[in-house]
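Engineer: The structure is given below, and queries will be raised subsequently.
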Amino acid sequence: RDKNKESYAEMWHRWIYEDYYRTYMLPLEKYGIKVHHDDVQAAWERITKKNYVHKVGQFFAVGWPVNFWRIEAQTDKDFEWFEHKYPGWYAEFGDFWKWYAKLSHKGEKVLLFNSDVGYVYPHRCWSCLVPCLIREDMVVGEIDGQLHTFAHELDKWTATVAFADEYQRRPTPAMGRFSGKREWETLYDGWDLADAIKDLNFVRSDGKTLVPQPHMRFDDKEMWTLDDVRGNKLGSPLNALRAMSPADREKHLAEYRAGFTINPCN
């Protein structure tokens with residue numbers, strides 16, 4: 001946590017904005033190529049104003065039981081670094097990481113299913129398959145009579161127009177088609193968390209200790225096992241959305257786009 005070293009945002013600005021955009025993209029305009037300058041600025045603001053990368057870190061921490069790695073909780077030193085690099089970070093994310101540290105101990109209720117925290121699990125984008133973490137941008141579209149969620153209007157356009165069976169009367173190549181089982185949550189809808197982890201083969205050779213852990217403590221007594229996560233049922237946000245009445249769906253989408261607030265952690 002060296003404050004003199006670049007943050008992700010600082011590196012992004014140097015490598016993408018200054019290097020790729022200014023030295024590569026802009027010169028292309030003299031050859032008649034249209035550069036969408038607003039999109040570059042919007043990408044920058046997703047990082048600096050909408051805290052996208054921090055929401056990604058938060059999301060992966062929430063889903064620690066189904067990752068193949070460990071995520072350690074942030075410390076006071078981390079808090080200080082993030083606040084220095086991203087002013088206002090602590091007000092939005094500080095309590096979440098306190099909750100994560102508190103709930104990282106064996107015997108606690110899994111954060112994903114712990115209503116005390118206040119985190120709302122996100123919908124997933126059918127186009128890019130990343131969660132819809134900038135919630136005010138999330139939209140819904142229909143493909144072949146089925147509802148799907150998208151992280152942005154551009155993602156919706158990609159799936160419903162550009163990658164439809166035909167685009168401007170030309171057949172879409174197979175490489176451009178969305179097919180098969182694409183959403184992790186839908187595959188495991190209704191499964192017990194412990195059974196899903198076993199199905200993913202994220203269990204150690206002893207048959208019970210999880211590969212993923214919500215901490216970096218290496219004492220065997222601290223390790224979570226299948227018994228510690230059993231009894232929590234996974235659910236698909238997409239299936240739940242499809243099952244709602246139109247009125248309930250609109251209410252849900254409005255609440256989703258309004259976002260959530262993490263409860264204070266004492």
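By order in the structure tokens, chains are A, B, ...; within a chain, residues start at 1; ligands start at 1, following the order shown.
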Please list as a list in words every residue within 10 Å of A:Asn232, counting only C-alpha atoms and excluding residues in the same chain fewer than 6 positions away.
Structural biologist: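 What passes the distance filter is Lys109, Val110, Leu112, Phe113, Gly190, Trp191, Asp192, Leu193, Ala194 and Asp195 of chain A.
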Engineer: Filtering to N, CA and C atoms, could you give me those residues as a CSV table (one decimal), in the first residue's frame?
Structural biologist:
```
chain,number,residue,atom,x,y,z
A,109,LYS,N,-22.3,-16.9,9.6
A,109,LYS,CA,-23.2,-17.1,8.5
A,109,LYS,C,-22.6,-16.5,7.2
A,110,VAL,N,-22.6,-17.3,6.1
A,110,VAL,CA,-22.0,-16.9,4.9
A,110,VAL,C,-22.5,-15.5,4.5
A,112,LEU,N,-22.9,-13.9,1.7
A,112,LEU,CA,-23.9,-13.9,0.6
A,112,LEU,C,-25.3,-14.0,1.1
A,113,PHE,N,-25.5,-14.8,2.2
A,113,PHE,CA,-26.9,-15.1,2.7
A,113,PHE,C,-27.2,-14.4,4.0
A,190,GLY,N,-31.4,-23.1,-7.1
A,190,GLY,CA,-32.1,-24.1,-6.2
A,190,GLY,C,-31.1,-25.1,-5.5
A,191,TRP,N,-29.9,-25.1,-5.9
A,191,TRP,CA,-28.9,-26.0,-5.3
A,191,TRP,C,-28.5,-25.5,-3.9
A,192,ASP,N,-28.2,-26.5,-3.0
A,192,ASP,CA,-27.6,-26.1,-1.7
A,192,ASP,C,-26.1,-25.7,-2.1
A,193,LEU,N,-25.7,-24.7,-1.4
A,193,LEU,CA,-24.3,-24.1,-1.7
A,193,LEU,C,-23.3,-25.2,-1.5
A,194,ALA,N,-23.4,-26.1,-0.5
A,194,ALA,CA,-22.4,-27.1,-0.3
A,194,ALA,C,-22.3,-28.1,-1.5
A,195,ASP,N,-23.5,-28.4,-2.1
A,195,ASP,CA,-23.6,-29.3,-3.2
A,195,ASP,C,-23.0,-28.7,-4.5
```
Engineer: Do you know which residues are at most 9 Å from A:Arg242 counting only C-alpha atoms, after dropping those on the same chain fewer than 4 positions away, and could you put them as a list of chain:residue names?
Structural biologist: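 Once the nearby chain positions are removed, what remains is A:Gln146, A:Leu147, A:His148, A:Pro237, A:Leu238, A:Arg249.
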Engineer: Could you write out that same residue set with all heavy atoms as a compact mmCIF listing (two decimals), in the first residue's frame?
Structural biologist:
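Done, and the output landed in out28.txt:
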```txt
# COMPACT_ATOMS: atom_id res chain seq x y z
N GLN A 146 -37.83 -14.67 -24.36
CA GLN A 146 -37.31 -14.82 -23.00
C GLN A 146 -36.69 -13.51 -22.54
O GLN A 146 -35.95 -12.85 -23.29
CB GLN A 146 -36.25 -15.91 -22.94
CG GLN A 146 -36.80 -17.33 -22.98
CD GLN A 146 -37.21 -17.80 -21.59
OE1 GLN A 146 -37.72 -17.03 -20.78
NE2 GLN A 146 -37.00 -19.08 -21.32
N LEU A 147 -36.97 -13.14 -21.29
CA LEU A 147 -36.36 -11.94 -20.72
C LEU A 147 -34.89 -12.19 -20.38
O LEU A 147 -34.52 -13.28 -19.92
CB LEU A 147 -37.11 -11.53 -19.44
CG LEU A 147 -38.48 -10.89 -19.60
CD1 LEU A 147 -39.08 -10.63 -18.22
CD2 LEU A 147 -38.40 -9.59 -20.39
N HIS A 148 -34.08 -11.17 -20.60
CA HIS A 148 -32.67 -11.21 -20.21
C HIS A 148 -32.28 -9.86 -19.63
O HIS A 148 -32.88 -8.83 -19.94
CB HIS A 148 -31.78 -11.52 -21.42
CG HIS A 148 -31.94 -12.89 -21.96
ND1 HIS A 148 -31.40 -14.00 -21.36
CD2 HIS A 148 -32.62 -13.34 -23.05
CE1 HIS A 148 -31.72 -15.08 -22.05
NE2 HIS A 148 -32.45 -14.71 -23.09
N PRO A 237 -31.11 -14.85 -9.96
CA PRO A 237 -31.86 -13.59 -10.10
C PRO A 237 -32.66 -13.53 -11.39
O PRO A 237 -33.76 -12.97 -11.41
CB PRO A 237 -30.76 -12.52 -10.06
CG PRO A 237 -29.64 -13.15 -9.31
CD PRO A 237 -29.66 -14.60 -9.73
N LEU A 238 -32.11 -14.11 -12.47
CA LEU A 238 -32.82 -14.06 -13.75
C LEU A 238 -34.09 -14.89 -13.70
O LEU A 238 -35.16 -14.45 -14.14
CB LEU A 238 -31.91 -14.56 -14.87
CG LEU A 238 -32.52 -14.57 -16.27
CD1 LEU A 238 -32.96 -13.17 -16.68
CD2 LEU A 238 -31.54 -15.15 -17.28
N ARG A 249 -42.25 -6.98 -11.31
CA ARG A 249 -40.97 -6.87 -12.02
C ARG A 249 -40.53 -5.41 -12.12
O ARG A 249 -39.36 -5.07 -11.89
CB ARG A 249 -41.09 -7.49 -13.41
CG ARG A 249 -39.76 -7.59 -14.15
CD ARG A 249 -39.96 -8.26 -15.50
NE ARG A 249 -40.56 -9.58 -15.34
CZ ARG A 249 -41.64 -9.99 -15.98
NH1 ARG A 249 -42.27 -9.18 -16.82
NH2 ARG A 249 -42.12 -11.21 -15.77
```
Engineer: If I take atom CA of A:Gly259 and atom CA of A:Leu129, how far is one from the other in Å, to one decimal?
Structural biologist: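 Separation of atom CA of A:Gly259 and atom CA of A:Leu129: 19.7 Å.
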Engineer: Just asking: which residues within stretch 5-159 of chain A are strand (DSSP E or B) according to DSSP, as a short mmCIF file (atom, residue, chain, number, x, y, z; two decimals) with all heavy atoms, in the first residue's frame?
Structural biologist:
```cif
data_model
loop_
_atom_site.label_atom_id
_atom_site.label_comp_id
_atom_site.auth_asym_id
_atom_site.auth_seq_id
_atom_site.Cartn_x
_atom_site.Cartn_y
_atom_site.Cartn_z
N ARG A 124 -27.01 -10.50 -13.82
CA ARG A 124 -25.85 -10.72 -14.69
C ARG A 124 -26.19 -10.31 -16.12
O ARG A 124 -27.32 -10.48 -16.58
CB ARG A 124 -25.43 -12.18 -14.64
CG ARG A 124 -24.09 -12.46 -15.29
CD ARG A 124 -23.65 -13.89 -15.04
NE ARG A 124 -23.32 -14.14 -13.64
CZ ARG A 124 -22.11 -13.90 -13.11
NH1 ARG A 124 -21.15 -13.40 -13.85
NH2 ARG A 124 -21.89 -14.17 -11.84
N PRO A 131 -21.47 -9.20 -13.83
CA PRO A 131 -22.65 -8.72 -13.10
C PRO A 131 -22.96 -7.26 -13.42
O PRO A 131 -22.08 -6.48 -13.77
CB PRO A 131 -22.24 -8.89 -11.63
CG PRO A 131 -20.75 -8.95 -11.65
CD PRO A 131 -20.37 -9.58 -12.95
N VAL A 139 -30.51 -2.79 -17.81
CA VAL A 139 -31.73 -2.79 -18.62
C VAL A 139 -32.16 -4.24 -18.87
O VAL A 139 -31.39 -5.18 -18.66
CB VAL A 139 -31.54 -2.07 -19.97
CG1 VAL A 139 -31.29 -0.58 -19.75
CG2 VAL A 139 -30.40 -2.69 -20.76
N VAL A 140 -33.39 -4.38 -19.33
CA VAL A 140 -33.95 -5.70 -19.61
C VAL A 140 -34.36 -5.74 -21.08
O VAL A 140 -34.86 -4.76 -21.63
CB VAL A 140 -35.17 -5.98 -18.70
CG1 VAL A 140 -35.84 -7.30 -19.08
CG2 VAL A 140 -34.75 -6.01 -17.25
N GLY A 141 -34.12 -6.87 -21.71
CA GLY A 141 -34.52 -7.06 -23.10
C GLY A 141 -35.07 -8.45 -23.31
O GLY A 141 -34.97 -9.32 -22.44
N GLU A 142 -35.63 -8.67 -24.48
CA GLU A 142 -36.25 -9.96 -24.79
C GLU A 142 -35.58 -10.58 -26.01
O GLU A 142 -35.36 -9.90 -27.02
CB GLU A 142 -37.74 -9.76 -25.03
CG GLU A 142 -38.53 -11.05 -25.07
CD GLU A 142 -40.03 -10.82 -25.09
OE1 GLU A 142 -40.56 -10.25 -24.11
OE2 GLU A 142 -40.66 -11.19 -26.10
N ILE A 143 -35.24 -11.86 -25.90
CA ILE A 143 -34.67 -12.62 -27.01
C ILE A 143 -35.46 -13.92 -27.13
O ILE A 143 -35.54 -14.68 -26.17
CB ILE A 143 -33.18 -12.92 -26.77
CG1 ILE A 143 -32.37 -11.63 -26.59
CG2 ILE A 143 -32.62 -13.74 -27.94
CD1 ILE A 143 -30.92 -11.87 -26.23
N GLN A 146 -37.83 -14.67 -24.36
CA GLN A 146 -37.31 -14.82 -23.00
C GLN A 146 -36.69 -13.51 -22.54
O GLN A 146 -35.95 -12.85 -23.29
CB GLN A 146 -36.25 -15.91 -22.94
CG GLN A 146 -36.80 -17.33 -22.98
CD GLN A 146 -37.21 -17.80 -21.59
OE1 GLN A 146 -37.72 -17.03 -20.78
NE2 GLN A 146 -37.00 -19.08 -21.32
N LEU A 147 -36.97 -13.14 -21.29
CA LEU A 147 -36.36 -11.94 -20.72
C LEU A 147 -34.89 -12.19 -20.38
O LEU A 147 -34.52 -13.28 -19.92
CB LEU A 147 -37.11 -11.53 -19.44
CG LEU A 147 -38.48 -10.89 -19.60
CD1 LEU A 147 -39.08 -10.63 -18.22
CD2 LEU A 147 -38.40 -9.59 -20.39
N HIS A 148 -34.08 -11.17 -20.60
CA HIS A 148 -32.67 -11.21 -20.21
C HIS A 148 -32.28 -9.86 -19.63
O HIS A 148 -32.88 -8.83 -19.94
CB HIS A 148 -31.78 -11.52 -21.42
CG HIS A 148 -31.94 -12.89 -21.96
ND1 HIS A 148 -31.40 -14.00 -21.36
CD2 HIS A 148 -32.62 -13.34 -23.05
CE1 HIS A 148 -31.72 -15.08 -22.05
NE2 HIS A 148 -32.45 -14.71 -23.09
N THR A 149 -31.28 -9.87 -18.76
CA THR A 149 -30.78 -8.64 -18.16
C THR A 149 -29.44 -8.26 -18.80
O THR A 149 -28.65 -9.12 -19.19
CB THR A 149 -30.60 -8.80 -16.65
OG1 THR A 149 -29.85 -10.00 -16.37
CG2 THR A 149 -31.96 -8.90 -15.94
N PHE A 150 -29.21 -6.95 -18.86
CA PHE A 150 -28.00 -6.43 -19.50
C PHE A 150 -27.43 -5.31 -18.65
O PHE A 150 -28.16 -4.54 -18.03
CB PHE A 150 -28.32 -5.90 -20.90
CG PHE A 150 -28.91 -6.93 -21.82
CD1 PHE A 150 -30.29 -7.06 -21.93
CD2 PHE A 150 -28.10 -7.79 -22.53
CE1 PHE A 150 -30.85 -8.01 -22.77
CE2 PHE A 150 -28.65 -8.76 -23.37
CZ PHE A 150 -30.03 -8.87 -23.49
#
```
Engineer: Mind checking DSSP for stretch 208-242 of chain A and telling me the alpha helix (DSSP H) residues as an NGL selection string?
Structural biologist: :A and (226-229 or 237-242)
Engineer: Residues as selected, all heavy atoms, written as a PDB file, in the first residue's frame, can you do that?
Structural biologist:
```
ATOM      1  N   LEU A 226     -17.492 -28.034   4.091  1.00  0.00           N
ATOM      2  CA  LEU A 226     -18.830 -28.133   3.494  1.00  0.00           C
ATOM      3  C   LEU A 226     -19.919 -27.974   4.546  1.00  0.00           C
ATOM      4  O   LEU A 226     -20.978 -27.385   4.280  1.00  0.00           O
ATOM      5  CB  LEU A 226     -18.973 -29.480   2.774  1.00  0.00           C
ATOM      6  CG  LEU A 226     -18.154 -29.648   1.488  1.00  0.00           C
ATOM      7  CD1 LEU A 226     -18.234 -31.093   1.009  1.00  0.00           C
ATOM      8  CD2 LEU A 226     -18.642 -28.696   0.401  1.00  0.00           C
ATOM      9  N   ASP A 227     -19.691 -28.489   5.735  1.00  0.00           N
ATOM     10  CA  ASP A 227     -20.695 -28.384   6.795  1.00  0.00           C
ATOM     11  C   ASP A 227     -20.961 -26.926   7.185  1.00  0.00           C
ATOM     12  O   ASP A 227     -22.072 -26.584   7.603  1.00  0.00           O
ATOM     13  CB  ASP A 227     -20.249 -29.159   8.032  1.00  0.00           C
ATOM     14  CG  ASP A 227     -20.290 -30.669   7.814  1.00  0.00           C
ATOM     15  OD1 ASP A 227     -21.027 -31.109   6.902  1.00  0.00           O
ATOM     16  OD2 ASP A 227     -19.598 -31.396   8.546  1.00  0.00           O
ATOM     17  N   ASP A 228     -19.954 -26.074   7.040  1.00  0.00           N
ATOM     18  CA  ASP A 228     -20.100 -24.670   7.429  1.00  0.00           C
ATOM     19  C   ASP A 228     -20.952 -23.868   6.449  1.00  0.00           C
ATOM     20  O   ASP A 228     -21.449 -22.788   6.792  1.00  0.00           O
ATOM     21  CB  ASP A 228     -18.714 -24.004   7.554  1.00  0.00           C
ATOM     22  CG  ASP A 228     -17.883 -24.630   8.653  1.00  0.00           C
ATOM     23  OD1 ASP A 228     -18.410 -24.825   9.755  1.00  0.00           O
ATOM     24  OD2 ASP A 228     -16.693 -24.933   8.391  1.00  0.00           O
ATOM     25  N   VAL A 229     -21.099 -24.362   5.223  1.00  0.00           N
ATOM     26  CA  VAL A 229     -21.868 -23.617   4.223  1.00  0.00           C
ATOM     27  C   VAL A 229     -23.170 -24.318   3.853  1.00  0.00           C
ATOM     28  O   VAL A 229     -24.002 -23.737   3.145  1.00  0.00           O
ATOM     29  CB  VAL A 229     -21.033 -23.376   2.944  1.00  0.00           C
ATOM     30  CG1 VAL A 229     -19.800 -22.553   3.260  1.00  0.00           C
ATOM     31  CG2 VAL A 229     -20.634 -24.688   2.279  1.00  0.00           C
ATOM     32  N   PRO A 237     -31.113 -14.847  -9.962  1.00  0.00           N
ATOM     33  CA  PRO A 237     -31.860 -13.586 -10.096  1.00  0.00           C
ATOM     34  C   PRO A 237     -32.661 -13.529 -11.390  1.00  0.00           C
ATOM     35  O   PRO A 237     -33.757 -12.970 -11.414  1.00  0.00           O
ATOM     36  CB  PRO A 237     -30.759 -12.523 -10.063  1.00  0.00           C
ATOM     37  CG  PRO A 237     -29.636 -13.148  -9.308  1.00  0.00           C
ATOM     38  CD  PRO A 237     -29.664 -14.596  -9.731  1.00  0.00           C
ATOM     39  N   LEU A 238     -32.113 -14.108 -12.470  1.00  0.00           N
ATOM     40  CA  LEU A 238     -32.822 -14.060 -13.749  1.00  0.00           C
ATOM     41  C   LEU A 238     -34.093 -14.894 -13.700  1.00  0.00           C
ATOM     42  O   LEU A 238     -35.156 -14.445 -14.139  1.00  0.00           O
ATOM     43  CB  LEU A 238     -31.906 -14.557 -14.867  1.00  0.00           C
ATOM     44  CG  LEU A 238     -32.520 -14.567 -16.269  1.00  0.00           C
ATOM     45  CD1 LEU A 238     -32.957 -13.170 -16.679  1.00  0.00           C
ATOM     46  CD2 LEU A 238     -31.542 -15.145 -17.282  1.00  0.00           C
ATOM     47  N   ASN A 239     -34.013 -16.105 -13.169  1.00  0.00           N
ATOM     48  CA  ASN A 239     -35.217 -16.930 -13.067  1.00  0.00           C
ATOM     49  C   ASN A 239     -36.258 -16.276 -12.174  1.00  0.00           C
ATOM     50  O   ASN A 239     -37.457 -16.337 -12.448  1.00  0.00           O
ATOM     51  CB  ASN A 239     -34.860 -18.308 -12.518  1.00  0.00           C
ATOM     52  CG  ASN A 239     -34.206 -19.191 -13.564  1.00  0.00           C
ATOM     53  OD1 ASN A 239     -34.202 -18.873 -14.750  1.00  0.00           O
ATOM     54  ND2 ASN A 239     -33.634 -20.306 -13.128  1.00  0.00           N
ATOM     55  N   ALA A 240     -35.792 -15.647 -11.094  1.00  0.00           N
ATOM     56  CA  ALA A 240     -36.723 -14.968 -10.199  1.00  0.00           C
ATOM     57  C   ALA A 240     -37.406 -13.799 -10.906  1.00  0.00           C
ATOM     58  O   ALA A 240     -38.614 -13.574 -10.745  1.00  0.00           O
ATOM     59  CB  ALA A 240     -35.978 -14.466  -8.963  1.00  0.00           C
ATOM     60  N   LEU A 241     -36.651 -13.067 -11.721  1.00  0.00           N
ATOM     61  CA  LEU A 241     -37.217 -11.932 -12.462  1.00  0.00           C
ATOM     62  C   LEU A 241     -38.266 -12.405 -13.459  1.00  0.00           C
ATOM     63  O   LEU A 241     -39.334 -11.801 -13.598  1.00  0.00           O
ATOM     64  CB  LEU A 241     -36.095 -11.188 -13.188  1.00  0.00           C
ATOM     65  CG  LEU A 241     -36.503  -9.905 -13.912  1.00  0.00           C
ATOM     66  CD1 LEU A 241     -36.758  -8.792 -12.910  1.00  0.00           C
ATOM     67  CD2 LEU A 241     -35.426  -9.474 -14.909  1.00  0.00           C
ATOM     68  N   ARG A 242     -37.965 -13.482 -14.147  1.00  0.00           N
ATOM     69  CA  ARG A 242     -38.904 -14.008 -15.139  1.00  0.00           C
ATOM     70  C   ARG A 242     -40.200 -14.492 -14.502  1.00  0.00           C
ATOM     71  O   ARG A 242     -41.265 -14.444 -15.124  1.00  0.00           O
ATOM     72  CB  ARG A 242     -38.247 -15.165 -15.902  1.00  0.00           C
ATOM     73  CG  ARG A 242     -37.152 -14.741 -16.862  1.00  0.00           C
ATOM     74  CD  ARG A 242     -36.415 -15.943 -17.423  1.00  0.00           C
ATOM     75  NE  ARG A 242     -35.450 -15.576 -18.456  1.00  0.00           N
ATOM     76  CZ  ARG A 242     -34.584 -16.421 -19.009  1.00  0.00           C
ATOM     77  NH1 ARG A 242     -34.547 -17.681 -18.588  1.00  0.00           N
ATOM     78  NH2 ARG A 242     -33.753 -16.004 -19.946  1.00  0.00           N
TER      79      ARG A 242
END
```
Engineer: Please report the interatomic distance between atom CA of A:Pro173 and atom CA of A:Trp157 in Å with one decimal.
Structural biologist: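 Computing the Euclidean distance for atom CA of A:Pro173 and atom CA of A:Trp157 yields 16.8 Å.
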Engineer: Extract, using only C-alpha atoms, all DNA, RNA and protein residues at most 12 Å from A:Tyr21, discarding same-chain residues fewer than 4 positions from it, and format them as a list of chain:residue names.
Structural biologist: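 Those residues are A:Trp12, A:His13, A:Arg14, A:Trp15, A:Ile16, A:Tyr17, A:Met25, A:Leu26, A:Pro27, A:Leu28, A:Glu29, A:Val35, A:His36, A:His37, A:Asp38, A:Asp39, A:Val40, A:Gln41, A:Ala43, A:Trp44.
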Engineer: Near A:Val120, within 10 Å and counting only C-alpha atoms, which residues show up once chain neighbours fewer than 5 positions away are dropped, as a ChimeraX atom specification?
Structural biologist: /A:59,62,112-113,115,256,259-262
Engineer: Let me see the file: selected residues, C-alpha atoms, as an mmCIF file, in the first residue's frame.
Structural biologist:
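part35.cif written:
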```cif
data_model
loop_
_atom_site.group_PDB
_atom_site.id
_atom_site.type_symbol
_atom_site.label_atom_id
_atom_site.label_comp_id
_atom_site.auth_asym_id
_atom_site.auth_seq_id
_atom_site.Cartn_x
_atom_site.Cartn_y
_atom_site.Cartn_z
ATOM 1 C CA PHE A 59 -18.799 -8.783 -5.731
ATOM 2 C CA VAL A 62 -19.348 -11.781 -1.593
ATOM 3 C CA LEU A 112 -23.907 -13.876 0.623
ATOM 4 C CA PHE A 113 -26.867 -15.108 2.685
ATOM 5 C CA SER A 115 -29.285 -10.227 5.629
ATOM 6 C CA TYR A 256 -32.435 -2.554 -8.138
ATOM 7 C CA GLY A 259 -28.923 0.553 -5.433
ATOM 8 C CA PHE A 260 -28.392 -0.537 -1.820
ATOM 9 C CA THR A 261 -26.679 0.667 1.336
ATOM 10 C CA ILE A 262 -24.437 -1.518 3.446
#
```
Engineer: Just the residues within 9 Å of A:Val203, please, counting only C-alpha atoms, with nothing from its chain fewer than 5 positions along; format it as an MDAnalysis selection string.
Structural biologist: chainID A and resid 197:198 208:212 225:226
Engineer: Calculated over only C-alpha atoms, which of the candidates A:Tyr52, A:Phe163, A:Phe218, A:Tyr20 has the smallest distance to A:Tyr86?
Structural biologist: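 Ranked by minimum distance to A:Tyr86, first place goes to A:Tyr52.
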Engineer: I want to know what sits within 9 Å of A:Ile47, based on only C-alpha atoms, with residues of the same chain fewer than 6 positions away left out; could you give that as a PyMOL selection string?
Structural biologist: chain A and resi 8-9+53-54
Engineer: I'd like the contact shell of A:Tyr167 - 12 Å cut-off, only C-alpha atoms, skipping same-chain residues fewer than 4 positions apart - returned as a list in words.
Structural biologist: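 After dropping sequence-adjacent residues, the list is Trp157, Thr158, Ala159, Thr160, Val161, Ala162, Phe163, Pro171, Thr172, Pro173, Gly176 and Arg177 of chain A.
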Engineer: Save the residues we just selected, all heavy atoms, as an mmCIF file, in the first residue's frame?
Structural biologist:
```
data_model
loop_
_atom_site.group_PDB
_atom_site.id
_atom_site.type_symbol
_atom_site.label_atom_id
_atom_site.label_comp_id
_atom_site.auth_asym_id
_atom_site.auth_seq_id
_atom_site.Cartn_x
_atom_site.Cartn_y
_atom_site.Cartn_z
ATOM 1 N N TRP A 157 -28.103 -3.919 -27.031
ATOM 2 C CA TRP A 157 -28.025 -3.780 -28.484
ATOM 3 C C TRP A 157 -27.170 -4.892 -29.083
ATOM 4 O O TRP A 157 -27.508 -5.471 -30.120
ATOM 5 C CB TRP A 157 -27.436 -2.411 -28.832
ATOM 6 C CG TRP A 157 -27.247 -2.205 -30.310
ATOM 7 C CD1 TRP A 157 -28.176 -1.763 -31.208
ATOM 8 C CD2 TRP A 157 -26.047 -2.462 -31.057
ATOM 9 N NE1 TRP A 157 -27.640 -1.739 -32.474
ATOM 10 C CE2 TRP A 157 -26.333 -2.160 -32.412
ATOM 11 C CE3 TRP A 157 -24.786 -2.917 -30.719
ATOM 12 C CZ2 TRP A 157 -25.379 -2.289 -33.422
ATOM 13 C CZ3 TRP A 157 -23.829 -3.053 -31.726
ATOM 14 C CH2 TRP A 157 -24.138 -2.741 -33.058
ATOM 15 N N THR A 158 -26.062 -5.210 -28.431
ATOM 16 C CA THR A 158 -25.173 -6.262 -28.931
ATOM 17 C C THR A 158 -25.909 -7.583 -29.069
ATOM 18 O O THR A 158 -25.822 -8.266 -30.099
ATOM 19 C CB THR A 158 -23.965 -6.439 -27.989
ATOM 20 O OG1 THR A 158 -23.234 -5.213 -27.933
ATOM 21 C CG2 THR A 158 -23.051 -7.546 -28.475
ATOM 22 N N ALA A 159 -26.668 -7.949 -28.043
ATOM 23 C CA ALA A 159 -27.338 -9.255 -28.038
ATOM 24 C C ALA A 159 -28.583 -9.281 -28.907
ATOM 25 O O ALA A 159 -28.856 -10.285 -29.585
ATOM 26 C CB ALA A 159 -27.684 -9.642 -26.603
ATOM 27 N N THR A 160 -29.356 -8.201 -28.867
ATOM 28 C CA THR A 160 -30.655 -8.216 -29.544
ATOM 29 C C THR A 160 -30.596 -7.741 -30.993
ATOM 30 O O THR A 160 -31.489 -8.052 -31.783
ATOM 31 C CB THR A 160 -31.671 -7.347 -28.785
ATOM 32 O OG1 THR A 160 -31.190 -5.990 -28.717
ATOM 33 C CG2 THR A 160 -31.879 -7.872 -27.370
ATOM 34 N N VAL A 161 -29.539 -7.014 -31.347
ATOM 35 C CA VAL A 161 -29.434 -6.478 -32.713
ATOM 36 C C VAL A 161 -28.196 -7.021 -33.423
ATOM 37 O O VAL A 161 -28.291 -7.745 -34.412
ATOM 38 C CB VAL A 161 -29.395 -4.929 -32.697
ATOM 39 C CG1 VAL A 161 -29.275 -4.390 -34.123
ATOM 40 C CG2 VAL A 161 -30.637 -4.367 -32.029
ATOM 41 N N ALA A 162 -27.014 -6.686 -32.914
ATOM 42 C CA ALA A 162 -25.779 -7.046 -33.613
ATOM 43 C C ALA A 162 -25.569 -8.548 -33.695
ATOM 44 O O ALA A 162 -25.072 -9.061 -34.708
ATOM 45 C CB ALA A 162 -24.588 -6.387 -32.936
ATOM 46 N N PHE A 163 -25.928 -9.275 -32.618
ATOM 47 C CA PHE A 163 -25.720 -10.716 -32.588
ATOM 48 C C PHE A 163 -27.024 -11.495 -32.720
ATOM 49 O O PHE A 163 -27.112 -12.654 -32.301
ATOM 50 C CB PHE A 163 -24.998 -11.143 -31.311
ATOM 51 C CG PHE A 163 -23.541 -10.779 -31.286
ATOM 52 C CD1 PHE A 163 -22.763 -11.049 -30.179
ATOM 53 C CD2 PHE A 163 -22.933 -10.160 -32.370
ATOM 54 C CE1 PHE A 163 -21.414 -10.723 -30.140
ATOM 55 C CE2 PHE A 163 -21.602 -9.813 -32.355
ATOM 56 C CZ PHE A 163 -20.822 -10.106 -31.238
ATOM 57 N N PRO A 171 -26.658 -13.058 -42.396
ATOM 58 C CA PRO A 171 -26.639 -14.051 -41.305
ATOM 59 C C PRO A 171 -25.480 -13.791 -40.344
ATOM 60 O O PRO A 171 -24.370 -13.446 -40.764
ATOM 61 C CB PRO A 171 -26.457 -15.383 -42.042
ATOM 62 C CG PRO A 171 -26.904 -15.122 -43.440
ATOM 63 C CD PRO A 171 -26.554 -13.690 -43.725
ATOM 64 N N THR A 172 -25.748 -13.971 -39.064
ATOM 65 C CA THR A 172 -24.706 -13.799 -38.056
ATOM 66 C C THR A 172 -23.804 -15.032 -38.031
ATOM 67 O O THR A 172 -24.302 -16.158 -37.962
ATOM 68 C CB THR A 172 -25.343 -13.601 -36.663
ATOM 69 O OG1 THR A 172 -26.196 -12.475 -36.707
ATOM 70 C CG2 THR A 172 -24.268 -13.384 -35.606
ATOM 71 N N PRO A 173 -22.478 -14.865 -38.113
ATOM 72 C CA PRO A 173 -21.584 -16.034 -38.027
ATOM 73 C C PRO A 173 -21.769 -16.764 -36.707
ATOM 74 O O PRO A 173 -22.172 -16.175 -35.699
ATOM 75 C CB PRO A 173 -20.186 -15.408 -38.111
ATOM 76 C CG PRO A 173 -20.390 -14.054 -38.698
ATOM 77 C CD PRO A 173 -21.756 -13.606 -38.264
ATOM 78 N N GLY A 176 -20.519 -15.345 -33.487
ATOM 79 C CA GLY A 176 -21.175 -14.177 -32.930
ATOM 80 C C GLY A 176 -22.492 -14.476 -32.250
ATOM 81 O O GLY A 176 -23.192 -13.572 -31.823
ATOM 82 N N ARG A 177 -22.842 -15.744 -32.138
ATOM 83 C CA ARG A 177 -24.136 -16.104 -31.563
ATOM 84 C C ARG A 177 -24.013 -16.464 -30.090
ATOM 85 O O ARG A 177 -23.041 -17.077 -29.673
ATOM 86 C CB ARG A 177 -24.731 -17.279 -32.334
ATOM 87 C CG ARG A 177 -25.024 -16.946 -33.799
ATOM 88 C CD ARG A 177 -25.524 -18.159 -34.551
ATOM 89 N NE ARG A 177 -25.688 -17.877 -35.976
ATOM 90 C CZ ARG A 177 -25.947 -18.789 -36.891
ATOM 91 N NH1 ARG A 177 -26.084 -20.057 -36.527
ATOM 92 N NH2 ARG A 177 -26.073 -18.466 -38.151
#
```
